[in-house]
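A.B. asks: Structure file protein_5.txt (compact mmCIF, C-alpha atoms) right here:
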```
# COMPACT_ATOMS: atom_id res chain seq x y z
CA MET A 1 -9.94 -11.19 105.93
CA ASN A 2 -13.21 -13.13 105.73
CA LEU A 3 -12.38 -16.07 108.02
CA ILE A 4 -15.82 -17.68 107.77
CA SER A 5 -15.51 -17.98 103.97
CA LEU A 6 -11.92 -19.17 104.35
CA LEU A 7 -13.13 -22.01 106.58
CA SER A 8 -15.95 -22.79 104.11
CA THR A 9 -13.35 -22.90 101.31
CA LEU A 10 -11.09 -25.33 103.18
CA ILE A 11 -14.01 -27.59 104.06
CA SER A 12 -15.50 -27.58 100.56
CA PHE A 13 -12.12 -28.32 98.90
CA ALA A 14 -11.53 -31.17 101.38
CA PHE A 15 -15.06 -32.41 100.60
CA THR A 16 -14.30 -32.15 96.85
CA ALA A 17 -11.15 -34.25 97.32
CA VAL A 18 -13.03 -36.95 99.24
CA VAL A 19 -15.83 -37.16 96.66
CA PHE A 20 -13.44 -37.10 93.68
CA GLN A 21 -11.29 -39.80 95.30
CA ARG A 22 -14.44 -41.93 95.59
CA TYR A 23 -15.23 -41.19 91.93
CA LEU A 24 -11.77 -42.42 90.89
CA VAL A 25 -12.43 -45.71 92.68
CA ARG A 26 -16.14 -46.23 91.91
CA LYS A 27 -16.65 -44.29 88.66
CA GLY A 28 -20.25 -43.22 89.36
CA PRO A 29 -21.16 -40.16 87.26
CA HIS A 30 -23.06 -38.70 90.23
CA LEU A 31 -19.74 -38.51 92.10
CA LEU A 32 -18.14 -36.63 89.21
CA MET A 33 -21.02 -34.12 89.06
CA TRP A 34 -20.90 -33.62 92.83
CA SER A 35 -17.12 -33.08 92.58
CA ILE A 36 -17.71 -30.35 89.97
CA GLY A 37 -20.44 -28.79 92.13
CA LEU A 38 -18.27 -28.84 95.25
CA LEU A 39 -15.31 -27.39 93.37
CA LEU A 40 -17.60 -24.54 92.24
CA TYR A 41 -18.81 -24.15 95.86
CA GLY A 42 -15.19 -23.78 97.00
CA LEU A 43 -14.37 -21.33 94.19
CA GLY A 44 -17.38 -19.23 95.21
CA THR A 45 -16.32 -19.03 98.86
CA LEU A 46 -12.67 -18.51 97.85
CA SER A 47 -13.83 -15.52 95.79
CA GLU A 48 -15.47 -14.12 98.93
CA VAL A 49 -12.15 -14.44 100.77
CA LEU A 50 -10.28 -12.65 97.95
CA LEU A 51 -12.95 -9.93 97.70
CA SER A 52 -12.61 -9.29 101.43
CA LEU A 53 -8.93 -8.44 100.80
CA SER A 54 -9.27 -6.28 97.69
CA PHE A 55 -11.69 -5.69 94.83
CA ASN A 56 -11.06 -7.38 91.51
CA PRO A 57 -13.59 -7.45 88.63
CA PHE A 58 -12.59 -10.98 87.55
CA VAL A 59 -13.06 -12.34 91.09
CA LEU A 60 -16.45 -10.62 91.44
CA LYS A 61 -17.60 -12.26 88.19
CA LEU A 62 -16.14 -15.61 89.27
CA TRP A 63 -18.08 -15.28 92.55
CA TYR A 64 -21.34 -14.61 90.72
CA LEU A 65 -20.81 -17.37 88.15
CA THR A 66 -19.83 -20.07 90.65
CA GLY A 67 -21.70 -19.08 93.80
CA ALA A 68 -24.88 -17.57 92.42
CA MET A 69 -25.35 -19.49 89.16
CA LEU A 70 -23.64 -22.87 88.82
CA THR A 71 -22.95 -24.55 92.18
CA ALA A 72 -26.48 -25.64 93.07
CA ALA A 73 -27.17 -26.80 89.51
CA TRP A 74 -24.14 -29.11 89.30
CA LEU A 75 -24.74 -30.54 92.78
CA GLY A 76 -28.35 -31.18 91.81
CA MET A 77 -27.15 -32.76 88.57
CA GLY A 78 -25.18 -35.30 90.66
CA THR A 79 -28.30 -36.31 92.55
CA ILE A 80 -30.25 -36.64 89.30
CA HIS A 81 -27.57 -39.05 88.02
CA LEU A 82 -27.98 -41.02 91.24
CA LEU A 83 -31.78 -41.22 91.09
CA VAL A 84 -32.55 -41.37 87.36
CA ARG A 85 -31.86 -44.94 86.36
CA ARG A 86 -31.90 -44.22 82.62
CA GLY A 87 -28.36 -43.04 81.96
CA ARG A 88 -29.26 -41.45 78.62
CA VAL A 89 -31.81 -39.14 80.22
CA ALA A 90 -29.36 -38.05 82.91
CA TRP A 91 -26.56 -37.48 80.39
CA GLY A 92 -28.97 -35.56 78.14
CA ILE A 93 -29.79 -33.21 81.03
CA THR A 94 -26.05 -32.94 81.76
CA ALA A 95 -25.38 -31.89 78.17
CA VAL A 96 -28.04 -29.17 78.41
CA LEU A 97 -26.59 -28.02 81.76
CA GLY A 98 -23.12 -27.95 80.20
CA LEU A 99 -24.34 -25.68 77.38
CA ILE A 100 -26.23 -23.43 79.82
CA SER A 101 -23.10 -23.24 81.99
CA LEU A 102 -21.02 -22.12 78.99
CA ALA A 103 -23.67 -19.52 78.09
CA SER A 104 -23.65 -18.32 81.72
CA LEU A 105 -19.88 -18.01 81.65
CA ALA A 106 -20.04 -15.92 78.46
CA LEU A 107 -22.84 -13.72 79.82
CA VAL A 108 -21.15 -13.08 83.18
CA PHE A 109 -17.74 -12.25 81.76
CA ALA A 110 -19.27 -10.01 79.08
CA ALA A 111 -21.34 -8.12 81.67
CA PRO A 112 -20.15 -4.56 82.28
CA LEU A 113 -19.49 -3.11 85.73
CA THR A 114 -20.87 0.20 86.95
CA ALA A 115 -18.90 3.10 88.41
CA SER A 116 -19.89 1.79 91.87
CA ALA A 117 -17.07 -0.75 91.49
CA GLY A 118 -14.69 2.03 92.50
CA GLY A 119 -16.49 2.36 95.83
CA TYR A 120 -16.37 -1.35 96.70
CA GLN A 121 -15.92 -1.79 100.45
CA THR A 122 -13.93 -4.88 101.39
CA PRO A 123 -15.27 -5.11 105.00
CA LEU A 124 -18.85 -5.43 103.67
CA ALA A 125 -20.31 -8.63 102.24
CA VAL A 126 -20.04 -8.99 98.46
CA SER A 127 -23.65 -10.23 98.44
CA ALA A 128 -24.70 -6.84 99.81
CA GLN A 129 -22.83 -4.91 97.08
CA TYR A 130 -22.84 -6.88 93.82
CA LYS A 131 -26.26 -5.64 92.66
CA ASP A 132 -24.93 -2.08 92.39
CA ILE A 133 -21.73 -3.13 90.64
CA LEU A 134 -22.49 -5.96 88.21
CA VAL A 135 -24.88 -5.11 85.39
CA ARG A 136 -27.02 -8.23 85.07
CA SER A 137 -28.93 -8.69 81.85
CA GLY A 138 -32.41 -10.20 81.82
CA ALA A 139 -30.94 -13.44 80.44
CA MET A 140 -28.41 -13.61 83.27
CA THR A 141 -31.04 -13.10 85.95
CA ALA A 142 -33.40 -15.61 84.35
CA LEU A 143 -30.63 -18.22 84.05
CA THR A 144 -29.60 -17.65 87.68
CA ILE A 145 -33.14 -18.31 88.86
CA ILE A 146 -33.73 -21.31 86.59
CA LEU A 147 -30.38 -22.90 87.55
CA ASN A 148 -31.09 -22.38 91.25
CA ILE A 149 -34.59 -23.85 91.06
CA PHE A 150 -33.25 -26.85 89.10
CA GLY A 151 -30.31 -27.36 91.46
CA THR A 152 -32.19 -26.91 94.72
CA LEU A 153 -35.01 -29.17 93.58
CA GLY A 154 -32.53 -31.81 92.39
CA LEU A 155 -30.19 -31.76 95.38
CA VAL A 156 -32.57 -31.09 98.28
CA GLY A 157 -35.59 -32.84 96.76
CA GLY A 158 -33.39 -35.79 95.78
CA ALA A 159 -31.89 -36.10 99.27
CA ILE A 160 -35.34 -35.93 100.91
CA TYR A 161 -36.64 -38.56 98.47
CA SER A 162 -33.63 -40.85 99.09
CA ALA A 163 -34.03 -40.50 102.87
CA TYR A 164 -37.72 -41.35 102.53
CA LEU A 165 -37.00 -44.44 100.38
CA PHE A 166 -34.49 -45.87 102.89
CA TRP A 167 -36.82 -44.96 105.75
CA ARG A 168 -39.79 -46.74 104.15
CA LYS A 169 -37.71 -49.88 103.49
CA GLN A 170 -36.29 -49.62 107.04
CA VAL A 171 -32.74 -50.19 105.83
CA MET A 172 -29.49 -48.26 106.31
CA LEU A 173 -30.39 -45.72 108.97
CA ASN A 174 -27.03 -44.05 108.28
CA ARG A 175 -28.20 -43.23 104.74
CA VAL A 176 -31.54 -41.94 106.00
CA LEU A 177 -29.82 -39.57 108.42
CA GLY A 178 -26.98 -38.79 106.00
CA ASN A 179 -29.50 -37.65 103.39
CA VAL A 180 -31.35 -35.58 106.00
CA LEU A 181 -28.05 -33.80 106.76
CA ILE A 182 -27.31 -33.31 103.04
CA ALA A 183 -30.80 -31.84 102.44
CA ALA A 184 -30.48 -29.52 105.46
CA GLY A 185 -26.96 -28.46 104.45
CA ALA A 186 -27.95 -27.77 100.86
CA LEU A 187 -30.93 -25.72 101.99
CA MET A 188 -28.75 -23.40 104.08
CA PRO A 189 -27.07 -21.40 101.28
CA ALA A 190 -30.17 -21.77 99.06
CA MET A 191 -32.34 -20.13 101.72
CA ALA A 192 -29.73 -17.47 102.46
CA GLY A 193 -29.43 -16.74 98.72
CA SER A 194 -33.21 -16.34 98.58
CA PHE A 195 -33.07 -13.92 101.52
CA VAL A 196 -30.43 -11.89 99.68
CA LYS A 197 -32.63 -11.84 96.54
CA ALA A 198 -35.56 -10.69 98.66
CA GLY A 199 -33.40 -7.95 100.21
CA LEU A 200 -33.58 -9.52 103.68
CA ALA A 201 -30.78 -9.99 106.22
CA ASP A 202 -27.48 -11.08 104.75
CA ILE A 203 -26.54 -14.39 106.36
CA LEU A 204 -24.88 -15.86 103.28
CA TYR A 205 -21.36 -16.46 104.67
CA ILE A 206 -22.40 -18.29 107.82
CA SER A 207 -25.03 -20.31 105.94
CA GLU A 208 -22.38 -21.40 103.40
CA LEU A 209 -20.17 -22.61 106.25
CA ILE A 210 -22.97 -24.51 108.02
CA GLY A 211 -24.10 -25.87 104.64
CA ALA A 212 -20.64 -27.21 103.77
CA ILE A 213 -20.23 -28.83 107.21
CA LEU A 214 -23.67 -30.48 107.20
CA MET A 215 -23.33 -31.80 103.64
CA PHE A 216 -19.84 -33.16 104.33
CA LEU A 217 -21.04 -34.91 107.52
CA GLY A 218 -24.07 -36.24 105.65
CA PHE A 219 -21.90 -37.61 102.84
CA LEU A 220 -19.46 -39.24 105.29
CA LEU A 221 -22.31 -40.84 107.26
CA SER A 222 -24.05 -42.08 104.09
CA THR A 223 -20.92 -43.62 102.61
CA GLN A 224 -19.51 -45.25 105.74
CA LYS A 225 -19.38 -49.01 105.91
CA GLN A 226 -22.43 -50.34 107.71
CA LYS A 227 -20.59 -51.51 110.83
CA ALA A 228 -18.71 -48.21 111.29
CA ALA A 229 -21.89 -46.21 110.62
CA GLU A 230 -23.75 -48.24 113.23
CA GLN A 231 -21.00 -47.49 115.77
CA VAL A 232 -21.33 -43.74 115.05
CA LEU A 233 -25.11 -43.87 115.49
CA GLN A 234 -24.76 -45.88 118.73
CA ARG A 235 -22.37 -43.24 120.07
CA VAL A 236 -24.81 -40.45 119.16
CA GLU A 237 -27.70 -42.31 120.78
CA THR A 238 -25.85 -43.09 124.03
CA ALA A 239 -24.53 -39.50 124.26
CA ARG A 240 -28.10 -38.24 124.39
CA MET B 1 -19.79 -68.43 102.69
CA THR B 2 -20.55 -65.75 105.29
CA ARG B 3 -23.85 -63.88 105.31
CA ARG B 4 -23.73 -60.10 104.99
CA PRO B 5 -24.92 -58.37 108.15
CA SER B 6 -28.47 -57.04 107.98
CA THR B 7 -28.83 -53.31 107.32
CA ARG B 8 -32.38 -53.19 108.69
CA PHE B 9 -33.07 -50.80 111.53
CA ASP B 10 -35.68 -50.47 114.25
CA GLN B 11 -37.94 -47.46 113.62
CA ASN B 12 -38.34 -47.07 117.39
CA ARG B 13 -34.73 -45.94 117.90
CA TRP B 14 -34.82 -42.29 118.84
CA THR B 15 -32.64 -41.22 115.92
CA ALA B 16 -35.06 -43.05 113.62
CA ARG B 17 -38.14 -41.60 115.34
CA LEU B 18 -36.92 -38.11 114.47
CA VAL B 19 -36.90 -38.79 110.74
CA PRO B 20 -40.56 -38.20 109.72
CA ALA B 21 -40.66 -34.80 111.48
CA LEU B 22 -37.31 -33.82 109.96
CA LEU B 23 -38.43 -34.81 106.45
CA ILE B 24 -41.63 -32.76 106.75
CA LEU B 25 -39.65 -29.75 108.01
CA LEU B 26 -37.16 -30.07 105.15
CA LEU B 27 -39.96 -30.38 102.60
CA LEU B 28 -41.63 -27.22 103.92
CA ALA B 29 -38.30 -25.34 103.85
CA LEU B 30 -37.69 -26.56 100.28
CA VAL B 31 -41.11 -25.36 99.11
CA ALA B 32 -40.60 -21.98 100.81
CA THR B 33 -37.15 -21.56 99.24
CA LEU B 34 -38.38 -22.47 95.76
CA LEU B 35 -41.31 -20.10 96.17
CA ILE B 36 -39.01 -17.19 97.07
CA ILE B 37 -36.74 -17.94 94.10
CA ALA B 38 -39.75 -18.16 91.76
CA LEU B 39 -41.33 -14.98 93.12
CA SER B 40 -38.08 -13.10 92.63
CA MET B 41 -38.26 -14.20 88.96
CA VAL B 42 -41.54 -12.36 88.43
CA ASN B 43 -40.28 -9.40 90.47
CA VAL B 44 -42.89 -9.85 93.18
CA ILE B 45 -40.06 -9.53 95.72
```
Any chance you could put this one into structure tokens?
C.D. replies:
Amino acid sequence: MNLISLLSTLISFAFTAVVFQRYLVRKGPHLLMWSIGLLLYGLGTLSEVLLSLSFNPFVLKLWYLTGAMLTAAWLGMGTIHLLVRRGRVAWGITAVLGLISLASLALVFAAPLTASAGGYQTPLAVSAQYKDILVRSGAMTALTIILNIFGTLGLVGGAIYSAYLFWRKQVMLNRVLGNVLIAAGALMPAMAGSFVKAGLADILYISELIGAILMFLGFLLSTQKQKAAEQVLQRVETAR
Amino acid sequence: MTRRPSTRFDQNRWTARLVPALLILLLLALVATLLIIALSMVNVI
């Protein structure tokens, strides 16, 4: 069994619960979008766990849809809701993303599998095998790339921008550092995914785990009450 | 009425001093990642 992905799944579902709980209390649309993105993150890593036990065409397609296509985009959408003050613009982009997500779902589940599916090896990483099994149309590949550019730019770029804004105003150091952690965590699977696309070393599983941990820590640090956050930072600074 | 505690921080704290370097590193990593994704779109890699 793929224990690294299992751990990533547990962490990302716990993260989803924390963010969704905050959404229920505060009602910010960015929290709802992040909850959707994190749920997709967890479904992607859960698919890796299931695919390490036995091959299933539905799970392979679920892995590609959630992990490769939609997760980054919905997480990035959350950050866009947070940063774009004009609600109509953000909701307009959300509507487009919703339609693209539906189109992606249709494309992925309509995609045929090759005969290589019969030779799927559960001990090997799915990211090292899917290209030979899943027939990806030009539209699917293009959407995957566009969604990942949009999502990475939104989530990582947004976190870097937020950290810079708080840094420049010299307020809320916890949010500065929290956003640094979120940006670093989000970059982990994005970079690993790019390595896989480029045919380089497959470090996807471990990068997903580190990514989930860093983003969760970053979110917790950013959303802590000021006094508690200051205590955490003091502890880190004195432990140095 | 009680005043809310200030959220201002001293940029000379070591955790704060790290921030500019970290932001530049993250920005470079972001550009590199986006470049790889874009290049894979035009089948350069």
A.B. asks: Could you give me, as an NGL selection string, the residues within 8 Å of region 20-30 of chain B, counting all atoms listed in the file and dropping anything in the same chain fewer than 4 positions from it?
C.D. replies: (:A and (152-153 or 156-157 or 160 or 164 or 180 or 183-184 or 187)) or (:B and (34))
A.B. asks: For Leu97 (chain A), which of A:Leu143, A:Ala117, A:Pro112, A:Leu60 is the closest residue, counting all atoms listed in the file?
C.D. replies: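 Result for the nearest residue to Leu97 (chain A): A:Leu143.
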A.B. asks: Which residues are close to Ile37 (chain B), i.e. within 8 Å by all atoms listed in the file, leaving aside same-chain residues fewer than 5 positions away? Reply as a list in words.
C.D. replies: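 Residues near the query, excluding close chain neighbours: Ile145, Asn148, Ile149, Ser194 and Lys197 of chain A.
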A.B. asks: Taking all atoms of region 9-16 of chain B that the file lists and extending 8 Å past them on each side, where is the centre of the axis-aligned box and how long are its edges? Answer in Å to one decimal, as AutoDock Vina command-line options.
C.D. replies:
```
--center_x -35.5 --center_y -46.0 --center_z 115.2 --size_x 21.7 --size_y 25.6 --size_z 23.3
```
A.B. asks: Quick one: distance from CA of Gly76 (chain A) to CA of Gly154 (chain A) in Å, one decimal?
C.D. replies: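 Here the two named atoms are 4.3 Å from each other.
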A.B. asks: Any idea what's packed within 12 Å of Arg17 (chain B), counting only C-alpha atoms, ignoring anything in its chain fewer than 4 positions away? Could you give it as a list of chain:residue names?
C.D. replies: A:Trp167, A:Gln170, A:Leu173, A:Val176, A:Leu177, A:Glu237, B:Phe9, B:Asp10, B:Gln11, B:Asn12, B:Arg13, B:Ala21, B:Leu22, B:Leu23
A.B. asks: Kindly save the residues from that selection, with C-alpha atoms included, as a CSV table (one decimal), in the coordinates of the input.
C.D. replies:
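Once everything was written out, this is selection_37.csv:
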```
chain,number,residue,atom,x,y,z
A,167,TRP,CA,-36.8,-45.0,105.8
A,170,GLN,CA,-36.3,-49.6,107.0
A,173,LEU,CA,-30.4,-45.7,109.0
A,176,VAL,CA,-31.5,-41.9,106.0
A,177,LEU,CA,-29.8,-39.6,108.4
A,237,GLU,CA,-27.7,-42.3,120.8
B,9,PHE,CA,-33.1,-50.8,111.5
B,10,ASP,CA,-35.7,-50.5,114.2
B,11,GLN,CA,-37.9,-47.5,113.6
B,12,ASN,CA,-38.3,-47.1,117.4
B,13,ARG,CA,-34.7,-45.9,117.9
B,21,ALA,CA,-40.7,-34.8,111.5
B,22,LEU,CA,-37.3,-33.8,110.0
B,23,LEU,CA,-38.4,-34.8,106.4
```
A.B. asks: Hey, which of A:Leu46, A:Leu32, A:Ala111, A:Ala14 ends up closest to Glu208 (chain A)? Count only C-alpha atoms.
C.D. replies: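 Looking at the shortest contact to Glu208 (chain A), the residue is A:Leu46.
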A.B. asks: I'd like the interatomic distance between CA of Gly185 (chain A) and CA of Ser47 (chain A), to a tenth of an Å.
C.D. replies: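 CA of Gly185 (chain A) sits 20.4 Å away from CA of Ser47 (chain A).
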A.B. asks: Could you pull the residues within 12 Å of Leu62 (chain A), counting all atoms listed in the file, minus those fewer than 4 positions along the same chain, as an mmCIF file with C-alpha atoms, in the coordinates of the input?
C.D. replies:
```cif
data_model
loop_
_atom_site.group_PDB
_atom_site.id
_atom_site.type_symbol
_atom_site.label_atom_id
_atom_site.label_comp_id
_atom_site.auth_asym_id
_atom_site.auth_seq_id
_atom_site.Cartn_x
_atom_site.Cartn_y
_atom_site.Cartn_z
ATOM 1 C CA LEU A 40 -17.600 -24.540 92.240
ATOM 2 C CA TYR A 41 -18.810 -24.150 95.860
ATOM 3 C CA GLY A 42 -15.190 -23.780 97.000
ATOM 4 C CA LEU A 43 -14.370 -21.330 94.190
ATOM 5 C CA GLY A 44 -17.380 -19.230 95.210
ATOM 6 C CA THR A 45 -16.320 -19.030 98.860
ATOM 7 C CA LEU A 46 -12.670 -18.510 97.850
ATOM 8 C CA SER A 47 -13.830 -15.520 95.790
ATOM 9 C CA GLU A 48 -15.470 -14.120 98.930
ATOM 10 C CA LEU A 50 -10.280 -12.650 97.950
ATOM 11 C CA LEU A 51 -12.950 -9.930 97.700
ATOM 12 C CA ASN A 56 -11.060 -7.380 91.510
ATOM 13 C CA PRO A 57 -13.590 -7.450 88.630
ATOM 14 C CA PHE A 58 -12.590 -10.980 87.550
ATOM 15 C CA THR A 66 -19.830 -20.070 90.650
ATOM 16 C CA GLY A 67 -21.700 -19.080 93.800
ATOM 17 C CA ALA A 68 -24.880 -17.570 92.420
ATOM 18 C CA MET A 69 -25.350 -19.490 89.160
ATOM 19 C CA LEU A 70 -23.640 -22.870 88.820
ATOM 20 C CA THR A 71 -22.950 -24.550 92.180
ATOM 21 C CA SER A 104 -23.650 -18.320 81.720
ATOM 22 C CA LEU A 105 -19.880 -18.010 81.650
ATOM 23 C CA ALA A 106 -20.040 -15.920 78.460
ATOM 24 C CA LEU A 107 -22.840 -13.720 79.820
ATOM 25 C CA VAL A 108 -21.150 -13.080 83.180
ATOM 26 C CA PHE A 109 -17.740 -12.250 81.760
ATOM 27 C CA ALA A 111 -21.340 -8.120 81.670
ATOM 28 C CA VAL A 126 -20.040 -8.990 98.460
ATOM 29 C CA TYR A 130 -22.840 -6.880 93.820
ATOM 30 C CA LEU A 134 -22.490 -5.960 88.210
#
```
A.B. asks: Residues within 7 Å of Thr79 (chain A), please, as a list in words. Count only C-alpha atoms; anything in the same chain fewer than 2 positions from it doesn't count.
C.D. replies: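 Once the nearby chain positions are removed, what remains is His30, Leu75, Gly76, Met77, His81, Leu82, Leu83, Gly154, Leu155 and Gly158 of chain A.
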A.B. asks: Give the answer as one residue: which of A:Ile203, A:Val25, A:Ala192, A:Ala212 has the shortest atom-to-atom distance to chain B, using all atoms listed in the file?
C.D. replies: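 Checking each of A:Ile203, A:Val25, A:Ala192, A:Ala212 against chain B, counting all atoms listed in the file, the winner is A:Ala192.
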A.B. asks: Grab the CA of Ser162 (chain A) to CA of Trp34 (chain A) distance for me, in Å with one decimal place.
C.D. replies: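 Interatomic distance, CA of Ser162 (chain A) to CA of Trp34 (chain A): 15.9 Å.
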